[in-house]
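Student: First the structure, then my questions, so here it is.
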Amino acid sequence: MSATAPPVDLDAATSSRRLSRARTFPVVASVIVLFMAAAGAPTPLYVVYQQAWGFTPTTLTVVFAVYAIGLLGSLLVVGGLSDHIGRRPILVAAVALEAVAFVLFLVADGVPVLLLARALQGLATGAALTTLSAALVDTAPPHEPSRAGVVSSVAPVAGLGVGSLGAGALVQYAPAPTHLVFAVFLVLLVIAVVAVAFMPETSARVPGALASLRPVVGVPRHLRADVFALVPILLASWSLSGLFFSLGPSVAAEVLGVHNHLVGGLVVVLLCAPGALTSLLLRAWPLDRLLTVAAVLVTVGTAIALVGVDVGLGLVGALGTVVAGVGFGAAALGTFGTYARIAAPHERGALFAVAYTISYLAFSIPAVVAGFAATSVGLQATAAGYGVMVVVLGLAALAAQRHATRRRSAAAMPAA
C-alpha cells in the first residue's frame, strides 16, 4: 500500500506568507531609518571636529565625501547582488560593517581615523540601501503595493533628520560629545543585526551572483524613458541635501552667527522633517503631480533660502529650507514610487542601485567642490553659488517632467 502525501492547506500557506510579510516589512523599514539616522549623526559633529583638530572647510567636505565615495563604490559592486544570493546575507554583512565603522568613530583621535570610519560607513550603507529598498517591495502588502514607495521615501528622510537632531542634542547637552552618540548607535546596531539575522528571506536565489559584481550601471531598455525623466529632480533634490549635510551647520555658525550644536542639527531637520511629512500626507497623489510639485518647491524654496543667507536673516533662510524640504519629500516619494511601480522583482536591486548612484553623485560631488570654494572665497559666497546651481537644476527638472507627461499622454492616445 503506497503512502499518500498529506493534503496541502493552501489557505494556511497563504496566511503564513502574509503574516511573514506583515512582520518583516516593519523590520526592514526600521533598519532603513537606523542606517540613515547613522548617516546623519556625524553632521553636527563636523563643527566640533573642525574646532578640535583645526582643519579647513575643504578637509570637512573631504570627510563628508569619503562616505559618499564608499557608498557609490558599494552600490556599483554589490548593488544587484541581493537579487542573486538573497536579501538577508547582504543585510547582515552591511549592519556588521556599520558597527565596525562606529567603533572607529568612537576611538577616532584625528582626521585619518575619521576618514576610515566614514569610508566604511559608506560601504555599509551602499550595500544596505538597495537591498533594503528591494526588500520593502518584496514584503509590501499585496493589497497595498504602494506602501513600499511611501516608506522608501519617508524612512530615509526621517532617519537623516532624526540622526542629525539627536546627535545635535547629545553634542550640545550631554557629556562626551564625540563618543556618546556613537555608543548609542552601536547598541542599536547590535539589536539590528540580531533582528536581520532572524528575518525570513524575501528573495529567491538565482544564478549570476559573480557576474553581478561587475561595476556596470545600466537600465533595462524598456525602463529607460521613465528612469531618465527622473534624473533632473534627483540631481536637484539630492544636491540640495548635500549642501545641508556638509556645510549647513557651518553656514549657520559662521554666516548666521548661530553656534548652538542643537541648532546645527535643526538646520538638517528643517529640510528633512517637512520632507518626511510630505511623503506621508501626499502618498495618494498621482506620481506625475508629485514630481511637478517637487520641481517647483525645490526651486522656489532654494531661492528663498538663498535670499535669507545673502542678507543674513535666519528666519527667511529657515522658511526657504522648509519649502525646499516639502519639495525634497515630494521628489523622494515620486521618484522611488515610480521605481517601485515599474521594476520587476529581478530588476529591483539593480534599479535601486542606479537610483542611489545618481542621488549620491549629486549629494557628494557639488558638496566637495563647495568645500574647496569655501576655503577660497568664503562660506557665504559658496552657499550663494551652490543655491543658484540647485535653482537651475530645479527648473530643468520641471521641464523634464512636463516633457515626460506629454510623452506618456501621446503614448496613451489611440492610433487614428
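Every chain in the C-alpha cells has a letter given in the order shown (A, B, ...), and although residue numbers restart at 1 in each chain, ligands are simply numbered from 1 in the order shown.
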Report as a PyMOL selection string all protein, DNA and RNA residues lying within 12 Å of Thr59 of chain A, evaluated on only C-alpha atoms, omitting residues in the same chain fewer than 3 positions from it.
Tutor: chain A and resi 46-47+49-50+53-56+62-66+110-112+114-115+246-247+367-375
Student: How would the residues just picked look written out with N, CA and C atoms as a PDB file, in the first residue's frame?
Tutor:
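The file below, out38.pdb, is the result:
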ATOM      1  N   TYR A  46      30.713  67.709  12.835  1.00  0.00           N
ATOM      2  CA  TYR A  46      31.754  68.223  11.962  1.00  0.00           C
ATOM      3  C   TYR A  46      32.358  69.519  12.508  1.00  0.00           C
ATOM      4  N   VAL A  47      31.498  70.401  12.993  1.00  0.00           N
ATOM      5  CA  VAL A  47      31.993  71.673  13.540  1.00  0.00           C
ATOM      6  C   VAL A  47      32.854  71.417  14.772  1.00  0.00           C
ATOM      7  N   TYR A  49      34.639  68.647  15.446  1.00  0.00           N
ATOM      8  CA  TYR A  49      35.916  68.119  14.960  1.00  0.00           C
ATOM      9  C   TYR A  49      36.773  69.226  14.348  1.00  0.00           C
ATOM     10  N   GLN A  50      36.128  70.107  13.600  1.00  0.00           N
ATOM     11  CA  GLN A  50      36.861  71.180  12.932  1.00  0.00           C
ATOM     12  C   GLN A  50      37.535  72.084  13.954  1.00  0.00           C
ATOM     13  N   TRP A  53      40.389  69.864  15.882  1.00  0.00           N
ATOM     14  CA  TRP A  53      41.547  69.424  15.121  1.00  0.00           C
ATOM     15  C   TRP A  53      42.047  70.476  14.133  1.00  0.00           C
ATOM     16  N   GLY A  54      41.349  71.595  14.034  1.00  0.00           N
ATOM     17  CA  GLY A  54      41.831  72.737  13.265  1.00  0.00           C
ATOM     18  C   GLY A  54      41.918  72.541  11.771  1.00  0.00           C
ATOM     19  N   PHE A  55      40.968  71.842  11.165  1.00  0.00           N
ATOM     20  CA  PHE A  55      41.036  71.671   9.711  1.00  0.00           C
ATOM     21  C   PHE A  55      40.095  72.635   8.991  1.00  0.00           C
ATOM     22  N   THR A  56      40.306  72.797   7.694  1.00  0.00           N
ATOM     23  CA  THR A  56      39.596  73.780   6.880  1.00  0.00           C
ATOM     24  C   THR A  56      38.268  73.205   6.372  1.00  0.00           C
ATOM     25  N   VAL A  62      35.885  66.830   2.432  1.00  0.00           N
ATOM     26  CA  VAL A  62      36.536  65.572   2.044  1.00  0.00           C
ATOM     27  C   VAL A  62      36.083  64.452   2.978  1.00  0.00           C
ATOM     28  N   VAL A  63      36.020  64.744   4.286  1.00  0.00           N
ATOM     29  CA  VAL A  63      35.491  63.770   5.247  1.00  0.00           C
ATOM     30  C   VAL A  63      34.071  63.380   4.863  1.00  0.00           C
ATOM     31  N   PHE A  64      33.286  64.364   4.497  1.00  0.00           N
ATOM     32  CA  PHE A  64      31.914  64.115   4.065  1.00  0.00           C
ATOM     33  C   PHE A  64      31.888  63.280   2.781  1.00  0.00           C
ATOM     34  N   ALA A  65      32.765  63.603   1.849  1.00  0.00           N
ATOM     35  CA  ALA A  65      32.729  62.954   0.541  1.00  0.00           C
ATOM     36  C   ALA A  65      33.237  61.526   0.580  1.00  0.00           C
ATOM     37  N   VAL A  66      34.153  61.218   1.484  1.00  0.00           N
ATOM     38  CA  VAL A  66      34.661  59.848   1.580  1.00  0.00           C
ATOM     39  C   VAL A  66      33.520  58.878   1.834  1.00  0.00           C
ATOM     40  N   GLY A 110      41.736  61.778  15.301  1.00  0.00           N
ATOM     41  CA  GLY A 110      42.253  62.646  14.252  1.00  0.00           C
ATOM     42  C   GLY A 110      41.564  62.357  12.934  1.00  0.00           C
ATOM     43  N   VAL A 111      41.923  63.143  11.926  1.00  0.00           N
ATOM     44  CA  VAL A 111      41.266  63.041  10.618  1.00  0.00           C
ATOM     45  C   VAL A 111      41.458  61.674   9.961  1.00  0.00           C
ATOM     46  N   PRO A 112      42.643  61.035   9.995  1.00  0.00           N
ATOM     47  CA  PRO A 112      42.788  59.742   9.301  1.00  0.00           C
ATOM     48  C   PRO A 112      41.790  58.683   9.765  1.00  0.00           C
ATOM     49  N   LEU A 114      38.962  59.225  11.277  1.00  0.00           N
ATOM     50  CA  LEU A 114      37.637  59.717  10.902  1.00  0.00           C
ATOM     51  C   LEU A 114      37.343  59.400   9.433  1.00  0.00           C
ATOM     52  N   LEU A 115      38.328  59.580   8.572  1.00  0.00           N
ATOM     53  CA  LEU A 115      38.154  59.251   7.156  1.00  0.00           C
ATOM     54  C   LEU A 115      37.886  57.763   6.960  1.00  0.00           C
ATOM     55  N   SER A 246      26.680  68.778   4.466  1.00  0.00           N
ATOM     56  CA  SER A 246      28.122  69.030   4.516  1.00  0.00           C
ATOM     57  C   SER A 246      28.439  70.374   5.166  1.00  0.00           C
ATOM     58  N   LEU A 247      27.793  71.436   4.714  1.00  0.00           N
ATOM     59  CA  LEU A 247      28.153  72.784   5.164  1.00  0.00           C
ATOM     60  C   LEU A 247      27.050  73.492   5.937  1.00  0.00           C
ATOM     61  N   ALA A 367      29.088  69.068  -3.153  1.00  0.00           N
ATOM     62  CA  ALA A 367      29.490  69.426  -1.794  1.00  0.00           C
ATOM     63  C   ALA A 367      31.005  69.510  -1.661  1.00  0.00           C
ATOM     64  N   VAL A 368      31.734  68.602  -2.324  1.00  0.00           N
ATOM     65  CA  VAL A 368      33.200  68.653  -2.287  1.00  0.00           C
ATOM     66  C   VAL A 368      33.711  69.914  -2.982  1.00  0.00           C
ATOM     67  N   VAL A 369      33.142  70.203  -4.143  1.00  0.00           N
ATOM     68  CA  VAL A 369      33.518  71.441  -4.846  1.00  0.00           C
ATOM     69  C   VAL A 369      33.243  72.646  -3.960  1.00  0.00           C
ATOM     70  N   ALA A 370      32.091  72.616  -3.255  1.00  0.00           N
ATOM     71  CA  ALA A 370      31.748  73.722  -2.363  1.00  0.00           C
ATOM     72  C   ALA A 370      32.753  73.858  -1.228  1.00  0.00           C
ATOM     73  N   GLY A 371      33.257  72.724  -0.724  1.00  0.00           N
ATOM     74  CA  GLY A 371      34.251  72.786   0.334  1.00  0.00           C
ATOM     75  C   GLY A 371      35.524  73.481  -0.103  1.00  0.00           C
ATOM     76  N   PHE A 372      36.003  73.174  -1.303  1.00  0.00           N
ATOM     77  CA  PHE A 372      37.186  73.860  -1.828  1.00  0.00           C
ATOM     78  C   PHE A 372      36.891  75.344  -2.055  1.00  0.00           C
ATOM     79  N   ALA A 373      35.702  75.631  -2.584  1.00  0.00           N
ATOM     80  CA  ALA A 373      35.340  77.024  -2.841  1.00  0.00           C
ATOM     81  C   ALA A 373      35.233  77.817  -1.550  1.00  0.00           C
ATOM     82  N   ALA A 374      34.666  77.188  -0.494  1.00  0.00           N
ATOM     83  CA  ALA A 374      34.502  77.896   0.775  1.00  0.00           C
ATOM     84  C   ALA A 374      35.840  78.311   1.367  1.00  0.00           C
ATOM     85  N   THR A 375      36.870  77.472   1.182  1.00  0.00           N
ATOM     86  CA  THR A 375      38.198  77.820   1.677  1.00  0.00           C
ATOM     87  C   THR A 375      38.768  79.018   0.926  1.00  0.00           C
TER      88      THR A 375
END
Student: Would you tabulate, counting only C-alpha atoms, all residues of segment 203-245 of chain A that have an atom at most 9 Å from an atom of segment 380-389 of chain A, showing the closest pair of atoms and their distance in Å to one decimal, sorted by chain then ascending number, as JSON lines?
Tutor:
{"residue": "A:Ala236", "atom": "CA", "partner": "A:Met389", "partner_atom": "CA", "distance": 8.4}
{"residue": "A:Ser239", "atom": "CA", "partner": "A:Tyr386", "partner_atom": "CA", "distance": 8.7}
{"residue": "A:Leu240", "atom": "CA", "partner": "A:Gly387", "partner_atom": "CA", "distance": 7.7}
{"residue": "A:Leu243", "atom": "CA", "partner": "A:Tyr386", "partner_atom": "CA", "distance": 7.6}
Student: For the residues in that selection, give me C-alpha atoms as a PDB file, in the first residue's frame.
Tutor:
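The resulting file, part02.pdb, is reproduced below:
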ATOM      1  CA  ALA A 236      18.244  68.946  -7.794  1.00  0.00           C
ATOM      2  CA  SER A 239      22.378  68.330  -4.454  1.00  0.00           C
ATOM      3  CA  LEU A 240      20.357  70.483  -2.091  1.00  0.00           C
ATOM      4  CA  LEU A 243      24.754  71.281   0.881  1.00  0.00           C
TER       5      LEU A 243
END
Student: Pick the closest to Val219 of chain A from A:Asp288, A:Asp310, A:Glu347, A:Glu201: which is it, counting only C-alpha atoms?
Tutor: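 Selected residue with least distance to Val219 of chain A: A:Glu347.
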Student: Taking 2 positions as the minimum chain separation for residues in the same chain, which residues sit within 10 Å of Leu280 of chain A when counting only C-alpha atoms? Answer as a list of chain:residue names.
Tutor: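 What passes the distance filter is A:Val150, A:Val151, A:Ser153, A:Val154, A:Pro274, A:Gly275, A:Ala276, A:Leu277, A:Thr278, A:Leu282, A:Arg283, A:Ala284, A:Gly329, A:Ala330, A:Leu333.
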Student: Using only C-alpha atoms, please write the residues we just selected to a file, as a JSON list (two decimals), in the first residue's frame.
Tutor:
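Saved the output as again_25.json:
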[["chain", "number", "residue", "atom", "x", "y", "z"],
["A", 150, "VAL", "CA", 5.94, 55.62, 0.60],
["A", 151, "VAL", "CA", 8.30, 54.03, 3.12],
["A", 153, "SER", "CA", 10.74, 57.98, 0.60],
["A", 154, "VAL", "CA", 9.71, 58.64, 4.22],
["A", 274, "PRO", "CA", 8.84, 68.64, 6.07],
["A", 275, "GLY", "CA", 10.09, 66.11, 3.52],
["A", 276, "ALA", "CA", 9.04, 63.12, 5.62],
["A", 277, "LEU", "CA", 5.67, 64.70, 6.48],
["A", 278, "THR", "CA", 5.05, 65.49, 2.82],
["A", 282, "LEU", "CA", 0.76, 63.15, -0.28],
["A", 283, "ARG", "CA", 1.18, 59.39, -0.67],
["A", 284, "ALA", "CA", -2.17, 59.10, -2.55],
["A", 329, "GLY", "CA", 9.93, 64.89, 0.26],
["A", 330, "ALA", "CA", 7.69, 65.06, -2.82],
["A", 333, "LEU", "CA", 8.07, 59.93, -2.91]]
Student: Go through A:Ser30, A:Thr292, A:Ser152, A:Gln121 one by one, measure the shortest atom-to-atom distance of each to Ala397 of chain A using only C-alpha atoms, and give the residue with the smallest value.
Tutor: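 Using only C-alpha atoms, Ala397 of chain A sits closest to A:Thr292.
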Student: How many Å separate atom CA of Thr338 of chain A from atom CA of Met199 of chain A?
Tutor: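 Separating atom CA of Thr338 of chain A from atom CA of Met199 of chain A is a distance of 26.6 Å.
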Student: Contacts of Ser164 of chain A at 8 Å or less, counting only C-alpha atoms, minus same-chain residues fewer than 3 places along, as a list of chain:residue names?
Tutor: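 Using only C-alpha atoms, the neighbours found are A:Ala37, A:Gly40, A:Ala41, A:Pro42, A:Thr43, A:Pro44, A:Leu160, A:Gly161, A:Ala167, A:Gly168, A:Gly265, A:Leu266, A:Val268, A:Val269.
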Student: What does the file look like for those residues with N, CA and C atoms, as a compact mmCIF listing (two decimals), in the first residue's frame?
Tutor:
# COMPACT_ATOMS: atom_id res chain seq x y z
N ALA A 37 19.70 57.43 9.91
CA ALA A 37 20.00 58.20 11.12
C ALA A 37 21.49 58.17 11.42
N GLY A 40 23.23 60.57 9.19
CA GLY A 40 23.07 61.97 9.57
C GLY A 40 23.72 62.34 10.88
N ALA A 41 24.04 61.35 11.71
CA ALA A 41 24.56 61.64 13.05
C ALA A 41 25.87 62.43 13.07
N PRO A 42 26.83 62.17 12.16
CA PRO A 42 28.08 62.94 12.24
C PRO A 42 27.95 64.41 11.85
N THR A 43 26.85 64.80 11.21
CA THR A 43 26.73 66.17 10.69
C THR A 43 26.95 67.24 11.76
N PRO A 44 26.25 67.20 12.92
CA PRO A 44 26.51 68.25 13.93
C PRO A 44 27.91 68.16 14.54
N LEU A 160 17.49 60.60 8.40
CA LEU A 160 18.51 61.64 8.35
C LEU A 160 18.22 62.76 9.35
N GLY A 161 16.95 63.17 9.41
CA GLY A 161 16.57 64.24 10.34
C GLY A 161 16.71 63.82 11.79
N ALA A 167 21.81 63.67 17.41
CA ALA A 167 23.24 63.89 17.62
C ALA A 167 23.51 65.32 18.07
N GLY A 168 22.79 66.29 17.47
CA GLY A 168 22.97 67.69 17.88
C GLY A 168 22.63 67.90 19.34
N GLY A 265 21.95 70.77 14.19
CA GLY A 265 21.15 69.62 13.79
C GLY A 265 19.80 70.03 13.25
N LEU A 266 19.22 71.11 13.80
CA LEU A 266 17.92 71.59 13.33
C LEU A 266 17.98 72.09 11.89
N VAL A 268 19.38 70.67 9.47
CA VAL A 268 19.08 69.50 8.65
C VAL A 268 17.62 69.09 8.83
N VAL A 269 17.11 69.18 10.06
CA VAL A 269 15.72 68.79 10.34
C VAL A 269 14.74 69.68 9.57
Student: Which is closer to Ala93 of chain A than all the others in A:Val194, A:Ala134, A:Leu170, A:Val293, using only C-alpha atoms?
Tutor: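 Result for the nearest residue to Ala93 of chain A: A:Val194.
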Student: Between atom CA of Leu165 of chain A and atom CA of Val181 of chain A, what is the distance, to one decimal in Å?
Tutor: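 Calculated distance between atom CA of Leu165 of chain A and atom CA of Val181 of chain A is 11.2 Å.
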Student: Using only C-alpha atoms, determine which residues lie at most 12 Å from Ala344 of chain A, disregarding the query and same-chain residues fewer than 3 positions distant; provide the list as number ranges by chain.
Tutor: A: 83, 134, 137-138, 220, 222-223, 339-341, 347-352
Student: Limited to N, CA and C atoms, could you put the picked residues into a file as a compact mmCIF listing (two decimals), in the first residue's frame?
Tutor:
# COMPACT_ATOMS: atom_id res chain seq x y z
N ASP A 83 19.78 40.40 -5.48
CA ASP A 83 18.86 39.78 -6.44
C ASP A 83 19.25 38.33 -6.72
N ALA A 134 14.76 47.05 -2.08
CA ALA A 134 14.19 45.89 -2.76
C ALA A 134 13.37 45.04 -1.79
N VAL A 137 9.86 46.36 -1.27
CA VAL A 137 8.94 46.00 -2.35
C VAL A 137 8.55 44.53 -2.23
N ASP A 138 9.52 43.67 -1.85
CA ASP A 138 9.23 42.24 -1.69
C ASP A 138 8.15 41.99 -0.65
N PRO A 220 17.46 48.65 -17.88
CA PRO A 220 16.82 47.92 -18.97
C PRO A 220 16.15 48.86 -19.97
N HIS A 222 13.45 48.90 -21.63
CA HIS A 222 12.04 49.24 -21.51
C HIS A 222 11.75 50.18 -20.34
N LEU A 223 12.75 50.42 -19.47
CA LEU A 223 12.56 51.32 -18.34
C LEU A 223 13.25 52.67 -18.53
N TYR A 339 9.98 54.00 -9.26
CA TYR A 339 10.84 52.82 -9.37
C TYR A 339 10.14 51.57 -8.84
N ALA A 340 9.44 51.71 -7.71
CA ALA A 340 8.74 50.55 -7.15
C ALA A 340 7.65 50.05 -8.09
N ARG A 341 7.05 50.98 -8.85
CA ARG A 341 5.94 50.59 -9.73
C ARG A 341 6.43 49.92 -11.00
N GLU A 347 14.62 42.90 -11.19
CA GLU A 347 15.26 44.16 -11.59
C GLU A 347 15.42 45.13 -10.43
N ARG A 348 14.84 44.82 -9.29
CA ARG A 348 14.72 45.82 -8.23
C ARG A 348 16.05 46.24 -7.63
N GLY A 349 16.88 45.26 -7.24
CA GLY A 349 18.15 45.62 -6.62
C GLY A 349 19.00 46.47 -7.54
N ALA A 350 19.14 46.06 -8.80
CA ALA A 350 19.97 46.80 -9.74
C ALA A 350 19.40 48.18 -10.05
N LEU A 351 18.06 48.29 -10.17
CA LEU A 351 17.46 49.57 -10.49
C LEU A 351 17.61 50.55 -9.34
N PHE A 352 17.40 50.09 -8.11
CA PHE A 352 17.61 50.97 -6.97
C PHE A 352 19.09 51.36 -6.84
Student: Using the chain letters and numbers from this document, which residues of segment 154-354 of chain A does DSSP assign to alpha helix (DSSP H), as a count of residues only?
Tutor: 154
Student: Extract, using only C-alpha atoms, all DNA, RNA and protein residues at most 10 Å from Ala404 of chain A, discarding same-chain residues fewer than 2 positions from it, and format them as a ChimeraX atom specification.
Tutor: /A:225-226,228-230,288,398-402,406-410
Student: Could you please take those selected residues and save N, CA and C atoms as an mmCIF file, in the first residue's frame?
Tutor:
data_model
loop_
_atom_site.group_PDB
_atom_site.id
_atom_site.type_symbol
_atom_site.label_atom_id
_atom_site.label_comp_id
_atom_site.auth_asym_id
_atom_site.auth_seq_id
_atom_site.Cartn_x
_atom_site.Cartn_y
_atom_site.Cartn_z
ATOM 1 N N ALA A 225 13.106 55.377 -20.505
ATOM 2 C CA ALA A 225 12.409 56.653 -20.630
ATOM 3 C C ALA A 225 11.907 57.121 -19.268
ATOM 4 N N ASP A 226 11.323 56.215 -18.483
ATOM 5 C CA ASP A 226 10.819 56.583 -17.156
ATOM 6 C C ASP A 226 11.944 56.954 -16.208
ATOM 7 N N PHE A 228 15.164 57.993 -16.958
ATOM 8 C CA PHE A 228 15.888 59.193 -17.350
ATOM 9 C C PHE A 228 15.087 60.463 -17.080
ATOM 10 N N ALA A 229 13.757 60.373 -17.143
ATOM 11 C CA ALA A 229 12.931 61.555 -16.858
ATOM 12 C C ALA A 229 13.066 62.005 -15.405
ATOM 13 N N LEU A 230 13.503 61.090 -14.533
ATOM 14 C CA LEU A 230 13.627 61.413 -13.114
ATOM 15 C C LEU A 230 15.007 61.955 -12.741
ATOM 16 N N ASP A 288 2.890 61.793 -11.298
ATOM 17 C CA ASP A 288 3.228 62.927 -12.168
ATOM 18 C C ASP A 288 3.043 64.250 -11.444
ATOM 19 N N LEU A 398 11.653 70.581 -13.767
ATOM 20 C CA LEU A 398 10.285 70.952 -14.145
ATOM 21 C C LEU A 398 10.072 70.754 -15.639
ATOM 22 N N ALA A 399 11.040 71.169 -16.442
ATOM 23 C CA ALA A 399 10.935 70.989 -17.891
ATOM 24 C C ALA A 399 10.913 69.501 -18.257
ATOM 25 N N ALA A 400 11.764 68.699 -17.598
ATOM 26 C CA ALA A 400 11.815 67.263 -17.891
ATOM 27 C C ALA A 400 10.499 66.583 -17.535
ATOM 28 N N GLN A 401 9.891 67.003 -16.423
ATOM 29 C CA GLN A 401 8.637 66.384 -16.012
ATOM 30 C C GLN A 401 7.501 66.743 -16.981
ATOM 31 N N ARG A 402 7.468 67.970 -17.433
ATOM 32 C CA ARG A 402 6.432 68.366 -18.394
ATOM 33 C C ARG A 402 6.594 67.592 -19.703
ATOM 34 N N ARG A 406 3.848 64.853 -21.331
ATOM 35 C CA ARG A 406 3.348 64.928 -22.717
ATOM 36 C C ARG A 406 3.640 63.626 -23.465
ATOM 37 N N ARG A 407 4.819 63.036 -23.219
ATOM 38 C CA ARG A 407 5.164 61.778 -23.900
ATOM 39 C C ARG A 407 4.206 60.663 -23.503
ATOM 40 N N ARG A 408 3.917 60.547 -22.214
ATOM 41 C CA ARG A 408 3.011 59.497 -21.756
ATOM 42 C C ARG A 408 1.577 59.733 -22.280
ATOM 43 N N SER A 409 1.156 60.988 -22.343
ATOM 44 C CA SER A 409 -0.169 61.288 -22.847
ATOM 45 C C SER A 409 -0.277 60.916 -24.321
ATOM 46 N N ALA A 410 0.777 61.214 -25.074
ATOM 47 C CA ALA A 410 0.767 60.877 -26.502
ATOM 48 C C ALA A 410 0.758 59.365 -26.707
#
Student: Hey, what's within 7 Å of segment 354-365 of chain A if we count only C-alpha atoms and toss same-chain stuff fewer than 5 positions away? As a PyMOL selection string, please?
Tutor: chain A and resi 65+68+72+75+217+234-235+238-239+241-242
Student: For a quick check of understanding, using only C-alpha atoms, which of A:Gly163, A:Thr131, A:Pro26, A:Leu186 has the smallest distance to Glu98 of chain A?
Tutor: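 Ranked by minimum distance to Glu98 of chain A, first place goes to A:Leu186.
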